[in-house]
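Single-structure report; data block below.
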Protein chains: 2
Amino acid sequence: MKEKRNNRVSSFDVARLAGVSQSAVSRCYTPGASISEKSRAKVLKAAKELNYSPNIIARSLVQKTTRIIGVVMNRYASPFYSRVLGEFTRKIQEKGHNILLMNIHNEQGVDDILSTALQYQVDGLVITSATLSSTVVESCLQTQTPVVLFNRYSMHNEVSAVYCDGSDGGRKAAELLLPRHRRFACIKGEEGSSTSRDRSQGFIQAIEENGIRDYLCERGDFTYDSGYAAAERLLDRKDRPDAIFCVSDLMALGTMDAARHKFNLKIPEDLSVIGFDDIDMASWSSYDLTTLRQPLITMVDAAISQLFRSIENLDEGTLVRKLKTDLITRTSTRHSP
Amino acid sequence: MKEKRNNRVSSFDVARLAGVSQSAVSRCYTPGASISEKSRAKVLKAAKELNYSPNIIARSLVQKTTRIIGVVMNRYASPFYSRVLGEFTRKIQEKGHNILLMNIHNEQGVDDILSTALQYQVDGLVITSATLSSTVVESCLQTQTPVVLFNRYSMHNEVSAVYCDGSDGGRKAAELLLPRHRRFACIKGEEGSSTSRDRSQGFIQAIEENGIRDYLCERGDFTYDSGYAAAERLLDRKDRPDAIFCVSDLMALGTMDAARHKFNLKIPEDLSVIGFDDIDMASWSSYDLTTLRQPLITMVDAAISQLFRSIENLDEGTLVRKLKTDLITRTSTRHSP
DNA sequence: AGATAAATTGCATACGTATTCAAAAACTGT
DNA sequence: ACAGTTTTTGAATACGTATGCAATTTATCT
């Protein structure tokens with residue numbers, strides 16, 4: 001079976017029909033190339049007749065540029081990352097490039113995925129969900145493929161990155177809660193997650209600096225359900241917390257639902273909850289969640305412009321940009337006005 | 001500036017280092033090709049030393065297959081479509097293919113987007129958010145690019161499609177609500193949306209068949225905010241409805257929040273709300289929304305397997321699959337047990 | 001018109017791989 | 001050891017485009 005389709009029309013076909021050379025038809029599709037109006041007209045007419053359009057794969061081979069950006073993600077079921085992806089595609093398409101979307105399922109397949117991205121000769125790489133092995137970094141350097149990490153950063157600054165200061169965000173959360181609460185808790189994400197680590201560390205450090213040592217910690221995996229479950233464990237205790245910081249909004253929403261519907265607690269009277277991200281749902285009136293907003297648009301802008309600077313002028317160095325979160329106070333927390 | 005990078009290592013480089021021909025190194029990466037263990041070892045050693053891996057773009061040119069599937073979407077901020085996208089990427093990657101993600105912003109740019117997808121010589125096309133112009137259909141036929149529409153269908157069955165029976169879903173919603181309610185309303189999506197049209201028609205037809213004529217209609221755009229706003233308009237009336245069918249869950253959630261927090265209504269005592277999709281949030285305990293579940297996994301499976309059947313064996317015809325929704329009854333509606 | 005400059009054209013080649021084909025090498029059984 | 005068979009090999013070519021270059025045409029100016 002599987003007959004190869006050789007019925008694609010090539011530039012030679014339209015050249016023959018138009019009575020010009022193949023070069024001419026190519027030049028017709030190359031902005032700024034030297035071609036007379038007369039030939040252009042003939043070519044376009046023939047092209048339309050045959051329904052021709054240039055084969056980008058072949059073009060990429062000779063031009064050594066595919067106009068493809070690899071975007072590596074995982075869990076974009078998450079509202080935050082699904083908006084991030086939306087912004088990236090919008091911006092990248094605006095720049096006349098296209099997106100090879102690569103999903104990472106288990107952290108161990110990362111190298112394979114990135115290597116196939118490189119095999120597709122992508123012009124650049126956006127990575128939101130993986131730490132790069134040194135092998136991969138080396139491959140990117142060798143092939144001179146610009147890379148920008150999004151909400152990740154590498155310890156040694158050998159690759160560009162844009163991310164949010166999670167530690168500072170956690171600290172802001174603590175500072176908001178400290179005055180009016182007594183028993184603090186934190187719901188973190190997976191052990192290996194750097195974002196979870198930074199955010200919770202900032203929070204914990206700040207409350208420890210205020211002499212508080214007996215705070216509680218639970219772990220989730222950034223999902224609503226895991227937040228709900230973690231909250232159940234916390235609120236079941238007799239020394240239940242009266243303030244919970246969740247390292248993601250989704251877990252915070254789960255926490256609120258557990259508190260209200262399973263434990264019949266009033267928010268914020270009995271319990272303050274604070275999240276991280278500022279996803280759409282945080283502002284829904286059922287939740288009205290106080291949270292640390294990641295400046296999503298700014299972050300994507302920064303990542304994209306850094307990436308394209310590197311693409312257009314390869315000898316530029318790496319750049320790491322750390323942005324601050326904005327504290328968005330809503331009614332899920334008790335706090336001074 | 002913009003120096004072309006000619007430092008990529010090619011099969012010739014590793015051939016030279018390994019002391020074999022370029023053909024040999026190519027065969028090393030072609031499963032089933034005829035090559036001795038001895039040469040293979042030499043090649044792999046050299047390849048590793050030079051950190052070589054084959055250029056898929058060049059390979060695609062000769063093999064006439066890119067192993068790329070174009071996926072065309074819009075508004076994947078929406079939880080439903082972001083899960084759809086997640087499933088598609090997972091399945092497509094499992095099959096050893098990759099995804100060219102194309103976002104549609106305004107319905108008029110569709111042709112451009114699809115035509116660039118074709119220029120990239122994609123092996124197949126999944127389209128979730130656009131109706132195809134006849135020009136595009138023709139291009140796909142000419143290039144023999146398999147296409148499958150997702151939650152869209154074309155009137156003339158000339159292209160494969162997988163979608164959900166929206167009309168039947170709307171009817172089920174009506175049947176659930178009819179016994180215990182008196183004033184019905186429907187919140188639709190944009191005028192041009194076929195999914196909105198089917199779902200609302202099914203609903204309206206069913207209640208009309210029961211002799212009810214004075215139902216209300218409002219329009220949103222599938223978002224939470226638009227659902228909230230539409231509900232405000234409905235609930236502000238003195239003849240306010242006691243049952244609202246929304247053609248998407250997100251609008252239903254907005255409706256619930258408006259009812260509860262702006263109008264202080266009890267759900268379901270004062271108002272029943274029913275949605276469509278069964279997104280994650282529908283089952284959150286703050287909402288517990290009755291809804292019509294689209295069998296997302298089944299739908300994606302069907303779409304993928306149809307697509308790959310066409311890819312592997314081009315002479316297969318088109319196939320249209322219409323699936324049924326499942327009514328998921330939760331506590332946002334009054335209904336018989 | 002003629003000389004010169006400028007724009008256009010087609011030829012040939014390169015991009016990096018897969019693959020056909022004929023030649024060479026490695027086996028097989030006697 | 002030898003003819004016959006199978007496996008492996010490298011040279012040559014194709015894929016569809018862009019582009020450097022020399023040749024040709026067209027425009028410009030006196």
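In the structure tokens, chains take the letters A, B, ... in the order shown, each chain's residues start at 1, and ligands count up from 1 in the order shown.
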Each chain B residue no farther than 9 Å from chain C, nearest pair in Å, only C-alpha atoms (C1' of nucleotides), as JSON lines:
```
{"residue": "B:Ser10", "atom": "CA", "partner": "C:DG16", "partner_atom": "C1'", "distance": 6.7}
{"residue": "B:Ser11", "atom": "CA", "partner": "C:DG16", "partner_atom": "C1'", "distance": 7.5}
{"residue": "B:Phe12", "atom": "CA", "partner": "C:DG16", "partner_atom": "C1'", "distance": 8.8}
{"residue": "B:Ser23", "atom": "CA", "partner": "C:DA18", "partner_atom": "C1'", "distance": 8.2}
{"residue": "B:Ser26", "atom": "CA", "partner": "C:DA18", "partner_atom": "C1'", "distance": 7.2}
{"residue": "B:Arg27", "atom": "CA", "partner": "C:DA18", "partner_atom": "C1'", "distance": 8.4}
{"residue": "B:Thr30", "atom": "CA", "partner": "C:DA18", "partner_atom": "C1'", "distance": 8.6}
{"residue": "B:Pro54", "atom": "CA", "partner": "C:DT17", "partner_atom": "C1'", "distance": 7.9}
{"residue": "B:Asn55", "atom": "CA", "partner": "C:DG16", "partner_atom": "C1'", "distance": 6.7}
{"residue": "B:Ile56", "atom": "CA", "partner": "C:DT17", "partner_atom": "C1'", "distance": 8.2}
{"residue": "B:Ile57", "atom": "CA", "partner": "C:DG16", "partner_atom": "C1'", "distance": 8.3}
{"residue": "B:Ala58", "atom": "CA", "partner": "C:DT17", "partner_atom": "C1'", "distance": 5.0}
{"residue": "B:Arg59", "atom": "CA", "partner": "C:DT17", "partner_atom": "C1'", "distance": 4.8}
{"residue": "B:Ser60", "atom": "CA", "partner": "C:DT17", "partner_atom": "C1'", "distance": 8.2}
{"residue": "B:Leu61", "atom": "CA", "partner": "C:DT17", "partner_atom": "C1'", "distance": 7.9}
{"residue": "B:Val62", "atom": "CA", "partner": "C:DA18", "partner_atom": "C1'", "distance": 6.2}
{"residue": "B:Gln63", "atom": "CA", "partner": "C:DA18", "partner_atom": "C1'", "distance": 7.0}
```
Write a file of the just-selected residues containing C-alpha atoms, as a short mmCIF file (atom, residue, chain, number, x, y, z; two decimals), in the first residue's frame.
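Saved the output as result.cif:
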```
data_model
loop_
_atom_site.label_atom_id
_atom_site.label_comp_id
_atom_site.auth_asym_id
_atom_site.auth_seq_id
_atom_site.Cartn_x
_atom_site.Cartn_y
_atom_site.Cartn_z
CA SER B 10 26.15 15.94 7.92
CA SER B 11 26.11 12.28 7.03
CA PHE B 12 29.13 12.92 4.84
CA SER B 23 24.93 5.59 2.02
CA SER B 26 22.06 6.75 6.04
CA ARG B 27 21.29 3.05 6.24
CA THR B 30 16.92 3.52 8.27
CA PRO B 54 19.96 13.00 10.76
CA ASN B 55 18.34 16.10 9.33
CA ILE B 56 14.66 15.32 9.22
CA ILE B 57 13.96 18.13 6.80
CA ALA B 58 16.25 16.62 4.21
CA ARG B 59 14.82 13.19 4.85
CA SER B 60 11.31 14.51 4.45
CA LEU B 61 12.20 15.94 1.09
CA VAL B 62 13.12 12.61 -0.38
CA GLN B 63 10.67 10.45 1.52
#
```
DSSP strand (DSSP E or B) residues within region 82-154 of chain A, as a PyMOL selection string: chain A and resi 98-103+124-127+147-150
Nearby residues (only C-alpha atoms (C1' of nucleotides)) at most 12 Å from region 321-323 of chain A, same-chain spacing under 6 positions excluded, as an NGL selection string: :A and (148-154 or 157 or 159-169 or 293-303 or 305-306)
Closest contacts (chain D/chain A, max 12 Å, only C-alpha atoms (C1' of nucleotides)) as CSV:
```
residue,atom,partner,partner_atom,distance
D:DC15,C1',A:Ala58,CA,8.1
D:DG16,C1',A:Ala58,CA,5.2
D:DT17,C1',A:Arg59,CA,4.8
D:DA18,C1',A:Val62,CA,6.3
D:DT19,C1',A:Ser23,CA,8.7
D:DT25,C1',A:Ser36,CA,11.3
D:DT26,C1',A:Ser36,CA,10.5
```
Chain B contacts on chain A, only C-alpha atoms, 8 Å, as a PyMOL selection string: chain A and resi 1-5+7-8+51+53-58+60-61+64+75-77+79+82-83+86+89-90+93+98-103+119-121+139+142-144+257+261+284-286+311-314
In region 101-132 of chain B, DSSP alpha helix (DSSP H) residues written as a PyMOL selection string: chain B and resi 110-119
Neighbour list for Gly192 (chain A) as JSON, numbers by chain, cut-off 12 Å, only C-alpha atoms (C1' of nucleotides), skip fewer than 3 positions in-chain: {"A": [107, 129, 130, 131, 188, 189, 195, 196, 197, 198, 219, 220, 221]}
Interatomic distance (Å, one decimal) between CA of Arg330 (chain A) and CA of Phe263 (chain B): 20.5 Å
Two-atom distance - CA of Ala282 (chain A), CA of Phe245 (chain B) (Å):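 These atoms are spaced 24.4 Å apart.
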Atomic distance CA of Val147 (chain B) - CA of Leu319 (chain B), expressed in Å with one decimal: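 For CA of Val147 (chain B) relative to CA of Leu319 (chain B), the distance reads 10.5 Å.
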Counting only C-alpha atoms, the residue of B:Leu265, B:Leu44, B:Val126, B:Lys172 that sits nearest Asp236 (chain B): B:Leu265
